[in-house]
$ cat coords27.txt   # compact mmCIF, C-alpha atoms and all ligand atoms
# COMPACT_ATOMS: atom_id res chain seq x y z
CA MET K 51 -3.69 8.92 -7.83
CA LYS K 52 -4.19 6.48 -4.97
CA LEU K 53 -2.63 6.88 -1.54
CA LEU K 54 -2.52 4.26 1.18
CA PHE K 55 -1.96 5.60 4.67
CA VAL K 56 -1.31 3.08 7.45
CA GLY K 57 -2.11 3.98 11.07
CA ASP K 58 0.49 3.75 13.88
CA VAL K 59 2.43 0.51 13.46
CA VAL K 60 2.90 -0.90 16.96
CA GLY K 61 5.96 -3.05 17.68
CA GLY K 62 7.11 -6.19 15.94
CA ILE K 63 3.57 -7.50 15.84
CA GLY K 64 2.48 -4.39 13.94
CA ARG K 65 5.40 -4.67 11.52
CA ARG K 66 4.61 -8.34 10.88
CA THR K 67 0.93 -7.49 10.36
CA LEU K 68 1.87 -4.85 7.80
CA ALA K 69 4.27 -7.26 6.08
CA SER K 70 1.60 -9.96 5.87
CA LEU K 71 -1.16 -7.72 4.52
CA LEU K 72 0.55 -5.09 2.36
CA PRO K 73 1.20 -7.33 -0.68
CA GLY K 74 -2.49 -8.22 -0.93
CA ILE K 75 -3.55 -4.61 -0.47
CA ARG K 76 -1.13 -3.57 -3.22
CA ASP K 77 -2.55 -6.20 -5.57
CA ALA K 78 -6.14 -5.25 -4.83
CA HIS K 79 -5.84 -1.45 -4.80
CA GLN K 80 -2.59 -0.53 -6.61
CA PRO K 81 -1.70 2.50 -4.47
CA ASP K 82 0.77 4.93 -6.05
CA PHE K 83 2.14 5.90 -2.64
CA VAL K 84 2.23 4.15 0.73
CA VAL K 85 2.73 6.30 3.83
CA VAL K 86 3.10 4.66 7.24
CA ASN K 87 3.00 6.16 10.72
CA GLY K 88 5.98 4.56 12.47
CA GLU K 89 6.08 6.34 15.84
CA ASN K 90 5.39 3.09 17.74
CA SER K 91 7.29 0.73 15.46
CA ALA K 92 10.14 0.00 17.93
CA GLY K 93 8.92 -2.13 20.82
CA GLY K 94 5.67 -0.17 20.89
CA VAL K 95 7.27 3.24 21.58
CA GLY K 96 9.39 5.27 19.17
CA ILE K 97 11.30 4.32 16.05
CA THR K 98 14.86 3.01 15.59
CA GLN K 99 17.14 2.76 12.56
CA LYS K 100 16.22 -0.91 12.31
CA THR K 101 12.45 -0.45 12.34
CA ALA K 102 12.66 2.56 10.02
CA ARG K 103 14.62 0.52 7.49
CA GLU K 104 12.19 -2.36 7.86
CA LEU K 105 9.19 -0.11 7.12
CA LEU K 106 10.96 1.41 4.10
CA GLU K 107 11.94 -2.06 2.85
CA LEU K 108 8.35 -3.22 3.23
CA GLY K 109 7.46 -0.52 0.71
CA ALA K 110 6.69 2.65 2.66
CA ASP K 111 7.38 5.65 0.43
CA ALA K 112 7.39 7.86 3.51
CA ILE K 113 7.16 7.44 7.28
CA THR K 114 5.41 9.88 9.60
CA LEU K 115 5.95 10.09 13.34
CA GLY K 116 4.47 11.82 16.38
CA ASN K 117 5.04 12.42 20.07
CA HIS K 118 7.35 9.39 20.35
CA ALA K 119 9.60 10.52 17.46
CA PHE K 120 12.61 11.24 19.69
CA ARG K 121 12.27 8.32 22.12
CA HIS K 122 15.42 6.60 20.80
CA ARG K 123 18.55 8.75 20.44
CA GLU K 124 20.19 6.31 18.04
CA VAL K 125 17.70 7.29 15.32
CA TYR K 126 18.41 11.05 15.40
CA GLY K 127 21.15 10.83 12.77
CA LEU K 128 18.86 8.86 10.48
CA LEU K 129 16.09 11.43 10.96
CA ASP K 130 18.57 14.08 9.76
CA ARG K 131 19.78 12.04 6.78
CA GLU K 132 16.70 10.15 5.57
CA ALA K 133 14.41 12.47 3.60
CA ARG K 134 11.57 9.93 3.59
CA ILE K 135 10.94 10.23 7.35
CA VAL K 136 9.12 13.20 8.87
CA ARG K 137 8.52 14.17 12.51
CA PRO K 138 6.08 16.88 13.60
CA ALA K 139 6.81 20.11 11.71
CA ASN K 140 5.78 22.24 14.68
CA TYR K 141 8.61 20.90 16.85
CA PRO K 142 11.51 23.21 17.76
CA LYS K 143 13.64 24.51 14.90
CA GLY K 144 16.92 22.61 15.00
CA SER K 145 15.55 19.43 16.57
CA PRO K 146 16.45 16.24 14.65
CA GLY K 147 14.88 15.54 11.28
CA ARG K 148 12.37 17.45 9.19
CA GLY K 149 8.66 18.16 9.33
CA HIS K 150 7.77 17.79 5.67
CA THR K 151 9.15 16.10 2.58
CA VAL K 152 8.33 15.39 -1.04
CA VAL K 153 8.49 11.86 -2.44
CA GLU K 154 8.27 11.09 -6.15
CA ARG K 155 7.01 8.13 -8.14
CA ASP K 156 6.22 7.85 -11.85
CA GLY K 157 6.45 11.61 -12.27
CA MET K 158 4.03 12.30 -9.39
CA ARG K 159 5.19 14.33 -6.41
CA LEU K 160 3.57 13.76 -3.04
CA GLY K 161 4.19 16.21 -0.22
CA VAL K 162 4.02 14.55 3.20
CA VAL K 163 3.57 16.69 6.30
CA ASN K 164 3.56 15.62 9.95
CA LEU K 165 2.01 17.88 12.59
CA SER K 166 1.44 17.51 16.31
CA GLY K 167 -1.63 18.71 18.12
CA LEU K 168 -1.23 20.96 21.15
CA VAL K 169 -3.93 19.48 23.39
CA PHE K 170 -2.21 17.07 25.86
CA LEU K 171 0.88 16.99 23.62
CA GLN K 172 4.03 19.08 23.39
CA ALA K 173 4.78 21.24 20.36
CA VAL K 174 6.11 24.76 20.09
CA ARG K 175 3.98 26.24 17.33
CA SER K 176 0.33 25.98 16.37
CA PRO K 177 -0.32 23.13 13.92
CA PHE K 178 -2.72 25.47 12.10
CA ALA K 179 -0.19 28.22 11.44
CA GLU K 180 2.55 25.64 10.83
CA ALA K 181 0.39 23.92 8.19
CA ASP K 182 -0.09 27.26 6.43
CA ALA K 183 3.66 27.89 6.44
CA VAL K 184 4.52 24.40 5.17
CA LEU K 185 1.90 24.55 2.40
CA ALA K 186 3.35 27.83 1.20
CA GLU K 187 6.73 26.09 0.95
CA LEU K 188 5.25 23.12 -0.91
CA ARG K 189 3.20 25.20 -3.35
CA ASP K 190 5.38 24.55 -6.41
CA SER K 191 7.05 21.31 -5.38
CA ALA K 192 4.16 18.84 -4.83
CA ASP K 193 1.22 17.68 -6.96
CA ALA K 194 -0.63 16.35 -3.92
CA VAL K 195 -0.15 16.81 -0.18
CA LEU K 196 -0.92 14.42 2.66
CA VAL K 197 -1.00 15.77 6.22
CA ASP K 198 -0.76 13.44 9.22
CA ILE K 199 -2.16 15.33 12.22
CA HIS K 200 -0.89 13.45 15.25
CA ALA K 201 -3.19 14.63 18.01
CA GLU K 202 -5.28 13.61 20.97
CA ALA K 203 -8.33 15.87 20.76
CA THR K 204 -10.94 15.11 18.11
CA SER K 205 -11.91 18.80 18.06
CA GLU K 206 -8.39 19.91 17.16
CA LYS K 207 -8.23 17.38 14.32
CA VAL K 208 -11.69 18.17 12.91
CA ALA K 209 -10.87 21.88 12.99
CA LEU K 210 -7.58 21.31 11.17
CA GLY K 211 -9.39 19.23 8.55
CA TRP K 212 -11.72 22.16 7.83
CA HIS K 213 -8.82 24.61 7.92
CA LEU K 214 -7.03 22.59 5.23
CA ASP K 215 -10.08 21.65 3.14
CA GLY K 216 -9.40 22.35 -0.52
CA ARG K 217 -5.70 22.95 0.13
CA VAL K 218 -4.44 19.39 0.68
CA THR K 219 -5.41 16.03 -0.80
CA ALA K 220 -5.68 14.34 2.56
CA CYS K 221 -5.66 15.26 6.24
CA VAL K 222 -5.58 12.10 8.33
CA GLY K 223 -5.41 11.79 12.10
CA THR K 224 -3.18 9.50 14.13
CA HIS K 225 -2.09 8.98 17.77
CA THR K 226 -5.18 7.65 19.57
CA HIS K 227 -4.75 4.16 18.03
CA VAL K 228 -8.56 3.91 17.78
CA ALA K 229 -10.13 4.32 14.33
CA THR K 230 -12.99 6.78 14.04
CA ALA K 231 -16.06 6.35 11.83
CA ASP K 232 -16.00 9.77 10.13
CA ALA K 233 -13.88 9.17 7.02
CA ARG K 234 -15.20 11.41 4.23
CA VAL K 235 -14.20 13.82 1.50
CA LEU K 236 -14.81 17.38 2.69
CA PRO K 237 -16.60 19.71 0.22
CA GLY K 238 -13.40 21.41 -0.95
CA GLY K 239 -11.82 18.08 -1.95
CA THR K 240 -9.79 17.03 1.08
CA ALA K 241 -10.05 13.43 2.28
CA TYR K 242 -10.37 13.45 6.05
CA VAL K 243 -10.53 11.05 8.98
CA THR K 244 -10.13 11.97 12.64
CA ASP K 245 -8.10 8.85 13.44
CA VAL K 246 -6.91 6.11 11.10
CA GLY K 247 -6.40 3.73 14.03
CA MET K 248 -3.51 1.39 14.79
CA THR K 249 -1.73 -1.43 13.02
CA GLY K 250 -1.15 -3.64 16.00
CA PRO K 251 -2.73 -5.78 18.69
CA ARG K 252 -6.43 -5.05 19.13
CA GLY K 253 -6.44 -7.49 22.07
CA GLY K 254 -4.50 -5.02 24.20
CA VAL K 255 -5.12 -1.45 25.35
CA ILE K 256 -3.95 0.80 22.48
CA GLY K 257 -1.06 -1.61 21.99
CA VAL K 258 -0.17 -2.52 25.59
CA LYS K 259 -0.92 -5.89 27.23
CA ARG K 260 -4.38 -5.37 28.64
CA GLU K 261 -3.71 -6.89 32.07
CA GLN K 262 -0.82 -4.43 32.57
CA ALA K 263 -2.91 -1.44 31.50
CA ILE K 264 -5.79 -2.52 33.74
CA GLU K 265 -3.39 -3.04 36.66
CA ARG K 266 -2.08 0.49 36.27
CA PHE K 267 -5.62 1.89 36.27
CA LEU K 268 -6.53 -0.23 39.29
CA SER K 269 -3.43 0.44 41.39
CA LEU K 270 -2.02 3.74 40.02
CA THR K 271 1.42 2.11 40.39
CA ASN K 272 4.17 2.24 37.78
CA VAL K 273 3.40 -1.02 35.99
CA ARG K 274 5.89 -1.93 33.25
CA PHE K 275 4.18 -1.94 29.87
CA GLU K 276 4.85 -4.53 27.18
CA THR K 277 3.34 -4.77 23.73
CA SER K 278 0.36 -7.08 23.49
CA ASP K 279 0.50 -9.93 21.00
CA GLU K 280 -3.21 -10.57 20.79
CA ASP K 281 -5.49 -10.11 17.80
CA PRO K 282 -3.37 -7.98 15.44
CA TRP K 283 -5.18 -5.84 12.87
CA LEU K 284 -4.17 -3.40 10.19
CA ASN K 285 -5.95 -0.04 10.22
CA ALA K 286 -5.44 2.14 7.16
CA VAL K 287 -7.20 4.45 4.74
CA LEU K 288 -7.12 4.36 0.97
CA ILE K 289 -7.52 7.76 -0.67
CA GLU K 290 -8.27 8.44 -4.33
CA ALA K 291 -7.55 11.76 -5.96
CA ASP K 292 -7.86 13.32 -9.40
CA GLY K 293 -4.97 14.79 -11.41
CA ASP K 294 -5.30 18.12 -9.64
CA GLY K 295 -4.77 16.51 -6.23
CA ARG K 296 -8.43 16.84 -5.22
CA ALA K 297 -9.62 13.82 -3.27
CA THR K 298 -12.51 11.88 -4.77
CA GLY K 299 -12.82 9.13 -2.18
CA ILE K 300 -11.58 7.76 1.12
CA GLU K 301 -12.11 4.19 2.26
CA GLN K 302 -11.13 2.63 5.58
CA LEU K 303 -9.28 -0.67 5.53
CA LEU K 304 -9.70 -2.49 8.85
CA LEU K 305 -8.23 -5.96 8.39
CA PRO K 306 -7.23 -8.80 10.72
CA ALA K 307 -3.68 -10.08 10.23
CA ALA K 308 -3.46 -12.81 7.62
CA GLY K 309 -3.63 -16.26 9.13
CA GLU K 310 -4.66 -15.03 12.58
FE FE Y 401 0.97 6.09 18.32
FE FE Y 402 1.36 9.25 19.53
$ encode --input "coords27.txt" --output "structure tokens" --more "lines below"
Ligand SMILES: [Fe+2]
Ligand SMILES: [Fe+2]
Amino acid sequence: MKLLFVGDVVGGIGRRTLASLLPGIRDAHQPDFVVVNGENSAGGVGITQKTARELLELGADAITLGNHAFRHREVYGLLDREARIVRPANYPKGSPGRGHTVVERDGMRLGVVNLSGLVFLQAVRSPFAEADAVLAELRDSADAVLVDIHAEATSEKVALGWHLDGRVTACVGTHTHVATADARVLPGGTAYVTDVGMTGPRGGVIGVKREQAIERFLSLTNVRFETSDEDPWLNAVLIEADGDGRATGIEQLLLPAAGE
């Protein structure tokens, strides 16, 4: 089994970058499942019905989210209805959407779980205990499980990777928009990376026009942020697993947008 996981798609430029590169990646690597983090897909912050549909139509089998999941109210109904989209599982019970799902293709069942870290982010239950609870629910309903840990602190993500080693096929980090150089298969058979990175404009500051971000740091005033359009890249990981859902490899894909 091969899984492609695409890091936070930022704005229209990120969606166009994904659209331009995904066909070639499919041809070259033939992933069985494509999972995309879409928490920044609408104008750089949040997700809307339009951008969710666009990501699904581009070929995402599932979409994960993060701290910007509920930015746009108009998407709440879709989060409730659309089983292929997950927001952090450790959010309040009864908030829109779901925290885990199972998607199927060619007789294979992939469990997809979204979790939020607690350091500098808001969630109401520990991602560690929540992961244990979700995995117990998925025990008989998924052949492989991918966890997207959307978190700020590298320590929290590394610890969760070890906590889940041998129990999930992949535990991949998102949220910082900066790819880390530690992709590896842990000894128990879990593919791990602290942060996949961002599919969006590398010429900005984690997606924002760099002059606006610098101005805010310089002046501490409330500068309006817009999505940068400079130097778009796709950041993703490609994970290979055996029939038992044990990861055998993880490879980073860091690619400039086609034709840029
Ligand atoms: Fe993000
Ligand atoms: Fe985030």
$ atom_distance --input "coords27.txt" --atom1 "atom CA of K:Ala92" --atom2 "atom CA of K:Val152"
24.5 Å
$ atom_distance --input "coords27.txt" --atom1 "atom CA of K:Pro81" --atom2 "atom CA of K:Val153"
14.0 Å
$ closest_atom_pairs --input "coords27.txt" --of "chain K" --to "ligand FE 401 (chain Y)" --cutoff "10 Å" --atoms "all atoms listed in the file" --output "CSV"
residue,atom,partner,partner_atom,distance
K:Gly57,CA,Y:FE401,FE,8.2
K:Asp58,CA,Y:FE401,FE,5.0
K:Val59,CA,Y:FE401,FE,7.5
K:Val60,CA,Y:FE401,FE,7.4
K:Asn87,CA,Y:FE401,FE,7.9
K:Gly88,CA,Y:FE401,FE,7.9
K:Glu89,CA,Y:FE401,FE,5.7
K:Asn90,CA,Y:FE401,FE,5.4
K:Ser91,CA,Y:FE401,FE,8.8
K:Gly94,CA,Y:FE401,FE,8.2
K:Val95,CA,Y:FE401,FE,7.6
K:Gly96,CA,Y:FE401,FE,8.5
K:Leu115,CA,Y:FE401,FE,8.1
K:Gly116,CA,Y:FE401,FE,7.0
K:Asn117,CA,Y:FE401,FE,7.7
K:His118,CA,Y:FE401,FE,7.5
K:Ala119,CA,Y:FE401,FE,9.7
K:His200,CA,Y:FE401,FE,8.2
K:Ala201,CA,Y:FE401,FE,9.5
K:Thr224,CA,Y:FE401,FE,6.8
K:His225,CA,Y:FE401,FE,4.2
K:Thr226,CA,Y:FE401,FE,6.5
K:His227,CA,Y:FE401,FE,6.0
K:Val228,CA,Y:FE401,FE,9.8
K:Gly247,CA,Y:FE401,FE,8.8
K:Met248,CA,Y:FE401,FE,7.4
K:Thr249,CA,Y:FE401,FE,9.6
K:Ile256,CA,Y:FE401,FE,8.3
K:Gly257,CA,Y:FE401,FE,8.8
$ closest_residue --input "coords27.txt" --among "K:Ala102, K:Leu284, K:Leu165, K:Ile300" --to "K:Ile75" --atoms "all atoms listed in the file"
K:Leu284
$ axis_aligned_box --input "coords27.txt" --around "stretch 203-217 of chain K" --padding-each-side "3 Å" --output "lines of an AutoDock Vina configuration file"
center_x = -8.8
center_y = 19.9
center_z = 10.1
size_x = 12.2
size_y = 15.5
size_z = 27.3
$ residues_around --input "coords27.txt" --residues "K:Val86" --least-positions-apart "5" --cutoff "6 Å" --atoms "all atoms listed in the file" --output "ChimeraX atom specification"
/K:55-56,113
$ closest_residue --input "coords27.txt" --among "K:Glu104, K:Glu265, K:Asp245, K:Glu187" --to "ligand FE 402 (chain Y)" --atoms "only C-alpha atoms and all ligand atoms"
K:Asp245
$ atom_distance --input "coords27.txt" --atom1 "atom CA of K:Ala241" --atom2 "atom CA of K:Val287"
9.7 Å
$ closest_residue --input "coords27.txt" --among "K:Leu288, K:Ile63, K:Ile199, K:Leu71" --to "K:Leu305" --atoms "all atoms listed in the file"
K:Leu71
$ closest_residue --input "coords27.txt" --among "K:Arg137, K:Arg274, K:Arg175, K:Arg189" --to "K:Leu160" --atoms "all atoms listed in the file"
K:Arg189
$ closest_residue --input "coords27.txt" --among "K:Asp294, K:Asp198, K:Glu107, K:Glu301" --to "ligand FE 402 (chain Y)" --atoms "only C-alpha atoms and all ligand atoms"
K:Asp198
$ closest_residue --input "coords27.txt" --among "K:Pro237, K:Gly109, K:Gly253, K:Gly223" --to "K:Val84" --atoms "all atoms listed in the file"
K:Gly109
$ residues_around --input "coords27.txt" --residues "K:Pro306" --least-positions-apart "4" --cutoff "8 Å" --atoms "only C-alpha atoms" --output "list in words"
Asp281, Pro282, Trp283, Leu284 and Glu310 of chain K
$ residues_around --input "coords27.txt" --residues "K:Ala291" --least-positions-apart "2" --cutoff "10 Å" --atoms "only C-alpha atoms" --output "mmCIF file with C-alpha atoms, in the coordinates of the input"
data_model
loop_
_atom_site.group_PDB
_atom_site.id
_atom_site.type_symbol
_atom_site.label_atom_id
_atom_site.label_comp_id
_atom_site.auth_asym_id
_atom_site.auth_seq_id
_atom_site.Cartn_x
_atom_site.Cartn_y
_atom_site.Cartn_z
ATOM 1 C CA MET K 51 -3.690 8.920 -7.830
ATOM 2 C CA LYS K 52 -4.190 6.480 -4.970
ATOM 3 C CA LEU K 53 -2.630 6.880 -1.540
ATOM 4 C CA ALA K 194 -0.630 16.350 -3.920
ATOM 5 C CA THR K 219 -5.410 16.030 -0.800
ATOM 6 C CA ALA K 220 -5.680 14.340 2.560
ATOM 7 C CA GLY K 239 -11.820 18.080 -1.950
ATOM 8 C CA THR K 240 -9.790 17.030 1.080
ATOM 9 C CA ALA K 241 -10.050 13.430 2.280
ATOM 10 C CA ILE K 289 -7.520 7.760 -0.670
ATOM 11 C CA GLY K 293 -4.970 14.790 -11.410
ATOM 12 C CA ASP K 294 -5.300 18.120 -9.640
ATOM 13 C CA GLY K 295 -4.770 16.510 -6.230
ATOM 14 C CA ARG K 296 -8.430 16.840 -5.220
ATOM 15 C CA ALA K 297 -9.620 13.820 -3.270
ATOM 16 C CA THR K 298 -12.510 11.880 -4.770
ATOM 17 C CA GLY K 299 -12.820 9.130 -2.180
ATOM 18 C CA ILE K 300 -11.580 7.760 1.120
#
$ residues_around --input "coords27.txt" --residues "K:Ala209" --least-positions-apart "5" --cutoff "10 Å" --atoms "all atoms listed in the file" --output "JSON, numbers by chain"
{"K": [178, 204, 214, 215, 244]}
$ residues_around --input "coords27.txt" --residues "K:Ala203" --least-positions-apart "5" --cutoff "9 Å" --atoms "all atoms listed in the file" --output "VMD selection string"
chain K and resid 167 to 170 208 226
$ residues_near_point --input "coords27.txt" --point "(-16.2, 2.4, 7.7)" --cutoff "10 Å" --atoms "all atoms listed in the file" --output "mmCIF file with C-alpha atoms, in the frame of the given file"
data_model
loop_
_atom_site.group_PDB
_atom_site.id
_atom_site.type_symbol
_atom_site.label_atom_id
_atom_site.label_comp_id
_atom_site.auth_asym_id
_atom_site.auth_seq_id
_atom_site.Cartn_x
_atom_site.Cartn_y
_atom_site.Cartn_z
ATOM 1 C CA ALA K 229 -10.130 4.320 14.330
ATOM 2 C CA THR K 230 -12.990 6.780 14.040
ATOM 3 C CA ALA K 231 -16.060 6.350 11.830
ATOM 4 C CA ASP K 232 -16.000 9.770 10.130
ATOM 5 C CA ALA K 233 -13.880 9.170 7.020
ATOM 6 C CA ARG K 234 -15.200 11.410 4.230
ATOM 7 C CA VAL K 287 -7.200 4.450 4.740
ATOM 8 C CA ILE K 300 -11.580 7.760 1.120
ATOM 9 C CA GLU K 301 -12.110 4.190 2.260
ATOM 10 C CA GLN K 302 -11.130 2.630 5.580
ATOM 11 C CA LEU K 303 -9.280 -0.670 5.530
ATOM 12 C CA LEU K 304 -9.700 -2.490 8.850
#
